Amino acid sequence: MSSGGRICCVCHRPLGDEARVLGGRLYCPEHYARVTTERKSVWTSGVIEIAAVIAFGALMGLVAWLAKPRLTGAALVGVGVLLSLIPAVIWMVFFHRQDRLEPEPKSYVIGVFVLGMLLCNAVAIPVINGLFQVNHWLATNTLTNIVGAVLVIGITQEFLKYAAVRYSVYATPEFDERLDGVIYGTAAGLGFATMLNINYVIANGGVDLYMGIIRISITTLAQASFSGITGYFLGRAKFEVEPVWWQTLGVVIAAVLNGSFTWARGEITQVGLGVNPWWGLLLAGALAATTFAVLWYLMRRAAALTLSGADAGQTAAT
């Protein structure tokens, strides 16, 4: 029977009687099966990754504080850059080990990660530090700090991480289930975090390892959490019929959380004239764990509601 212009929303293959409907979208049998399958391994991997990054920051920070290594110049910068890469490596290793049954193409995941790095270095850092020069006015008062952190830092960073996914892998057949939004969004966030950390190390000619290691972990947990939220909205938008403002809402929510976290971290880590980075690590860990739990709940709820709908499991009308 002629497809009548009906195509799978994932692979764009013409469909006939085998067409399935889910969330108001048409699927071929193969991609219908994929989009309705819960990938528990990815959620297990997420828990391990969050715990591993927190443990990395805590243990290495404690070692640096106790050992007080005396590094200077190029050696200090080199060690700082190497440490900036470790959280991303941790994520990639655990994700690869857990995502075996329905693996995402590693080239796509790494490509989005690298794109996140490039957008951060080529656009975000010049815009935030050069064009808006936030370091000169952001700490003027509490209101300016919060509003500036949301509207300048938050919007800039979260839109670019959204763009890293939306205008690359999002349109490909490999983006074939809701959860892919979270996976690729997190990859973009990790790329962003890695470049922010590398830029911080190089711009300061190296950093105190005790403070630097914990800062690296904080940035990684926070940036991955924010873009995971945006990824959730992207995943829902591709496989369900959502309002035109749906993806914009995701970027705005992530930006508000980004700016609020930036302000809150500065407030709780400031101790007199010094800084206690451990409070920041606790805040970032709580943020990552809460975001992960909320996304897990929302994903399961969206899947359950869609599958329980009138169009779930039915063959499209011919």
# chains A, B, ... in the order shown; residues from 1 in each chain; ligands from 1
$ residues_around --residues "Ala55 (chain A)" --least-positions-apart "2" --cutoff "12 Å" --atoms "only C-alpha atoms" --output "ChimeraX atom specification"
/A:48-53,57-63,87,90,213-214,217-218,221,281-282,285
$ write_last_selection --atoms "C-alpha atoms" --output "short mmCIF file (atom, residue, chain, number, x, y, z; two decimals), in the first residue's frame"
data_model
loop_
_atom_site.label_atom_id
_atom_site.label_comp_id
_atom_site.auth_asym_id
_atom_site.auth_seq_id
_atom_site.Cartn_x
_atom_site.Cartn_y
_atom_site.Cartn_z
CA ILE A 48 28.42 5.77 38.73
CA GLU A 49 29.72 8.76 36.76
CA ILE A 50 28.40 11.31 39.26
CA ALA A 51 29.85 9.37 42.18
CA ALA A 52 33.17 8.92 40.37
CA VAL A 53 33.59 12.63 39.58
CA GLY A 57 37.49 15.82 43.27
CA ALA A 58 37.37 14.87 46.94
CA LEU A 59 40.23 12.35 46.97
CA MET A 60 42.60 14.22 44.65
CA GLY A 61 41.83 17.49 46.41
CA LEU A 62 42.65 15.89 49.77
CA VAL A 63 45.88 14.41 48.38
CA PRO A 87 36.37 13.95 34.54
CA ILE A 90 35.77 9.08 33.60
CA ILE A 213 41.11 19.91 41.35
CA ILE A 214 37.94 20.62 43.31
CA SER A 217 35.00 18.63 39.52
CA ILE A 218 32.50 21.35 40.41
CA LEU A 221 29.18 18.28 37.50
CA LEU A 281 31.73 20.45 45.67
CA LEU A 282 28.87 19.48 47.97
CA GLY A 285 27.17 17.00 43.88
#
$ residues_around --residues "Ile146 (chain A)" --least-positions-apart "4" --cutoff "8 Å" --atoms "only C-alpha atoms" --output "list in words"
Thr142, Val150, Gly259, Ser260 and Trp263 of chain A
$ write_last_selection --atoms "N, CA and C atoms" --output "short mmCIF file (atom, residue, chain, number, x, y, z; two decimals), in the first residue's frame"
data_model
loop_
_atom_site.label_atom_id
_atom_site.label_comp_id
_atom_site.auth_asym_id
_atom_site.auth_seq_id
_atom_site.Cartn_x
_atom_site.Cartn_y
_atom_site.Cartn_z
N THR A 142 24.15 41.86 45.08
CA THR A 142 23.49 40.55 44.94
C THR A 142 22.57 40.49 43.73
N VAL A 150 22.50 34.91 35.26
CA VAL A 150 21.46 34.21 34.48
C VAL A 150 21.44 34.70 33.04
N GLY A 259 22.83 30.23 36.18
CA GLY A 259 23.13 31.50 36.85
C GLY A 259 22.93 31.42 38.35
N SER A 260 21.88 30.73 38.79
CA SER A 260 21.63 30.59 40.23
C SER A 260 22.75 29.81 40.91
N TRP A 263 25.90 32.00 41.25
CA TRP A 263 25.78 32.93 42.38
C TRP A 263 25.88 32.17 43.71
#
$ select_by_dssp --residues "region 62-280 of chain A" --states "alpha helix (DSSP H)" --output "ChimeraX atom specification"
/A:62-67,73-98,106-119,125,142-148,155-166,179-203,209-239,246-269,277-280
$ write_last_selection --atoms "C-alpha atoms" --output "compact mmCIF listing (two decimals), in the first residue's frame"
# COMPACT_ATOMS: atom_id res chain seq x y z
CA LEU A 62 42.65 15.89 49.77
CA VAL A 63 45.88 14.41 48.38
CA ALA A 64 46.93 17.79 46.96
CA TRP A 65 46.14 19.48 50.28
CA LEU A 66 48.18 16.96 52.28
CA ALA A 67 51.11 16.52 49.88
CA GLY A 73 55.54 27.22 35.32
CA ALA A 74 54.89 24.83 32.48
CA ALA A 75 54.76 21.81 34.82
CA LEU A 76 51.93 23.36 36.84
CA VAL A 77 50.00 24.30 33.70
CA GLY A 78 50.52 20.86 32.20
CA VAL A 79 49.29 19.06 35.30
CA GLY A 80 46.30 21.39 35.49
CA VAL A 81 45.33 20.72 31.86
CA LEU A 82 45.70 16.96 32.38
CA LEU A 83 43.48 17.08 35.47
CA SER A 84 40.90 19.07 33.47
CA LEU A 85 40.53 16.12 31.09
CA ILE A 86 40.10 13.40 33.71
CA PRO A 87 36.37 13.95 34.54
CA ALA A 88 35.49 13.69 30.85
CA VAL A 89 37.56 10.51 30.56
CA ILE A 90 35.77 9.08 33.60
CA TRP A 91 32.41 9.74 31.96
CA MET A 92 33.45 8.25 28.62
CA VAL A 93 34.85 5.09 30.22
CA PHE A 94 31.80 4.31 32.34
CA PHE A 95 29.39 5.27 29.57
CA HIS A 96 31.16 2.95 27.12
CA ARG A 97 31.08 0.04 29.57
CA GLN A 98 27.38 0.44 30.39
CA LYS A 106 31.21 6.87 19.77
CA SER A 107 32.16 9.20 16.91
CA TYR A 108 28.88 11.10 17.41
CA VAL A 109 29.29 11.35 21.18
CA ILE A 110 32.91 12.49 20.88
CA GLY A 111 31.97 14.84 18.05
CA VAL A 112 29.35 16.60 20.21
CA PHE A 113 31.86 16.73 23.07
CA VAL A 114 34.46 18.39 20.83
CA LEU A 115 31.84 20.75 19.38
CA GLY A 116 30.97 21.80 22.93
CA MET A 117 34.64 22.56 23.56
CA LEU A 118 34.96 24.58 20.36
CA LEU A 119 31.82 26.65 20.97
CA ILE A 125 34.49 32.75 26.67
CA THR A 142 23.49 40.55 44.94
CA LEU A 143 20.79 41.51 42.41
CA THR A 144 23.32 42.38 39.71
CA ASN A 145 25.17 39.14 40.44
CA ILE A 146 22.10 36.95 40.08
CA VAL A 147 20.59 38.71 37.05
CA GLY A 148 23.94 38.96 35.28
CA ILE A 155 21.86 32.19 28.52
CA THR A 156 25.13 32.27 26.58
CA GLN A 157 26.41 28.93 27.83
CA GLU A 158 23.15 27.03 27.68
CA PHE A 159 22.17 28.25 24.22
CA LEU A 160 25.55 27.20 22.84
CA LYS A 161 25.32 23.75 24.44
CA TYR A 162 21.80 23.44 23.04
CA ALA A 163 23.11 24.45 19.60
CA ALA A 164 25.89 21.83 19.81
CA VAL A 165 23.21 19.13 19.84
CA ARG A 166 20.31 20.72 17.95
CA LEU A 179 17.09 9.54 26.13
CA ASP A 180 19.52 10.47 23.36
CA GLY A 181 18.78 14.10 24.16
CA VAL A 182 20.14 13.66 27.68
CA ILE A 183 23.14 11.64 26.44
CA TYR A 184 24.22 14.11 23.78
CA GLY A 185 23.32 17.11 25.92
CA THR A 186 25.56 15.78 28.68
CA ALA A 187 28.36 15.22 26.16
CA ALA A 188 28.10 18.86 25.04
CA GLY A 189 28.14 19.98 28.68
CA LEU A 190 31.23 17.92 29.41
CA GLY A 191 32.99 19.46 26.43
CA PHE A 192 32.02 22.89 27.67
CA ALA A 193 33.23 22.12 31.19
CA THR A 194 36.53 20.72 29.94
CA MET A 195 37.30 23.86 27.94
CA LEU A 196 36.26 26.14 30.80
CA ASN A 197 38.65 24.27 33.08
CA ILE A 198 41.51 24.30 30.57
CA ASN A 199 41.00 28.01 29.90
CA TYR A 200 41.00 28.74 33.65
CA VAL A 201 44.27 26.84 34.12
CA ILE A 202 46.04 28.48 31.18
CA ALA A 203 44.71 32.00 31.85
CA LEU A 209 46.23 22.02 42.73
CA TYR A 210 44.16 21.72 45.90
CA MET A 211 41.72 24.41 44.83
CA GLY A 212 42.01 23.61 41.14
CA ILE A 213 41.11 19.91 41.35
CA ILE A 214 37.94 20.62 43.31
CA ARG A 215 37.02 23.48 40.98
CA ILE A 216 37.42 21.15 37.98
CA SER A 217 35.00 18.63 39.52
CA ILE A 218 32.50 21.35 40.41
CA THR A 219 32.48 22.79 36.88
CA THR A 220 32.12 19.33 35.33
CA LEU A 221 29.18 18.28 37.50
CA ALA A 222 27.38 21.59 37.06
CA GLN A 223 27.80 22.01 33.30
CA ALA A 224 26.81 18.41 32.56
CA SER A 225 23.71 18.79 34.74
CA PHE A 226 22.51 21.98 33.04
CA SER A 227 22.89 20.63 29.51
CA GLY A 228 21.30 17.32 30.53
CA ILE A 229 18.15 19.34 31.24
CA THR A 230 18.26 21.00 27.83
CA GLY A 231 18.81 17.56 26.30
CA TYR A 232 15.64 16.28 27.96
CA PHE A 233 13.62 19.00 26.26
CA LEU A 234 15.29 18.21 22.93
CA GLY A 235 14.50 14.52 23.26
CA ARG A 236 10.86 15.22 24.05
CA ALA A 237 10.60 17.70 21.17
CA LYS A 238 11.82 15.24 18.56
CA PHE A 239 9.57 12.34 19.54
CA TRP A 246 9.14 23.97 24.25
CA GLN A 247 12.86 23.93 23.36
CA THR A 248 13.23 27.59 24.34
CA LEU A 249 11.76 26.73 27.73
CA GLY A 250 14.44 24.07 28.19
CA VAL A 251 17.24 26.56 27.48
CA VAL A 252 15.69 29.14 29.83
CA ILE A 253 15.32 26.65 32.71
CA ALA A 254 18.92 25.50 32.26
CA ALA A 255 20.12 29.12 32.11
CA VAL A 256 18.28 30.06 35.32
CA LEU A 257 19.79 27.07 37.12
CA ASN A 258 23.21 27.89 35.67
CA GLY A 259 23.13 31.50 36.85
CA SER A 260 21.63 30.59 40.23
CA PHE A 261 24.33 27.99 40.79
CA THR A 262 27.06 30.46 39.81
CA TRP A 263 25.78 32.93 42.38
CA ALA A 264 25.13 30.32 45.11
CA ARG A 265 28.58 28.75 44.74
CA GLY A 266 30.22 32.14 45.20
CA GLU A 267 28.14 32.79 48.30
CA ILE A 268 28.68 29.50 50.12
CA THR A 269 32.38 29.07 49.32
CA PRO A 277 35.93 24.88 47.88
CA TRP A 278 34.43 21.87 49.68
CA TRP A 279 31.05 23.59 50.03
CA GLY A 280 31.06 24.13 46.28
$ atom_distance --atom1 "CA of Asp208 (chain A)" --atom2 "CA of Val271 (chain A)"
17.6 Å
$ residues_around --residues "Ala19 (chain A)" --least-positions-apart "2" --cutoff "7 Å" --atoms "only C-alpha atoms" --output "list in words"
Leu15, Gly16, Asp17, Val21, Leu26, Tyr27, Cys28, Pro29, Thr315 and Ala316 of chain A
$ select_by_dssp --residues "region 13-194 of chain A" --states "strand (DSSP E or B)" --output "ChimeraX atom specification"
/A:14,20-22,25-27
$ write_last_selection --atoms "C-alpha atoms" --output "compact mmCIF listing (two decimals), in the first residue's frame"
# COMPACT_ATOMS: atom_id res chain seq x y z
CA PRO A 14 8.33 5.71 3.66
CA ARG A 20 3.22 2.85 14.27
CA VAL A 21 2.10 5.98 16.11
CA LEU A 22 3.61 7.25 19.33
CA ARG A 25 4.65 10.82 15.52
CA LEU A 26 4.95 8.02 12.95
CA TYR A 27 7.56 5.27 13.36
$ atom_distance --atom1 "CA of Glu104 (chain A)" --atom2 "CA of Glu174 (chain A)"
7.3 Å
$ atom_distance --atom1 "CA of Gly274 (chain A)" --atom2 "CA of Thr140 (chain A)"
18.4 Å
$ closest_residue --among "A:Val47, A:Glu18, A:Cys11, A:Ile54" --to "Ala293 (chain A)" --atoms "only C-alpha atoms"
A:Val47
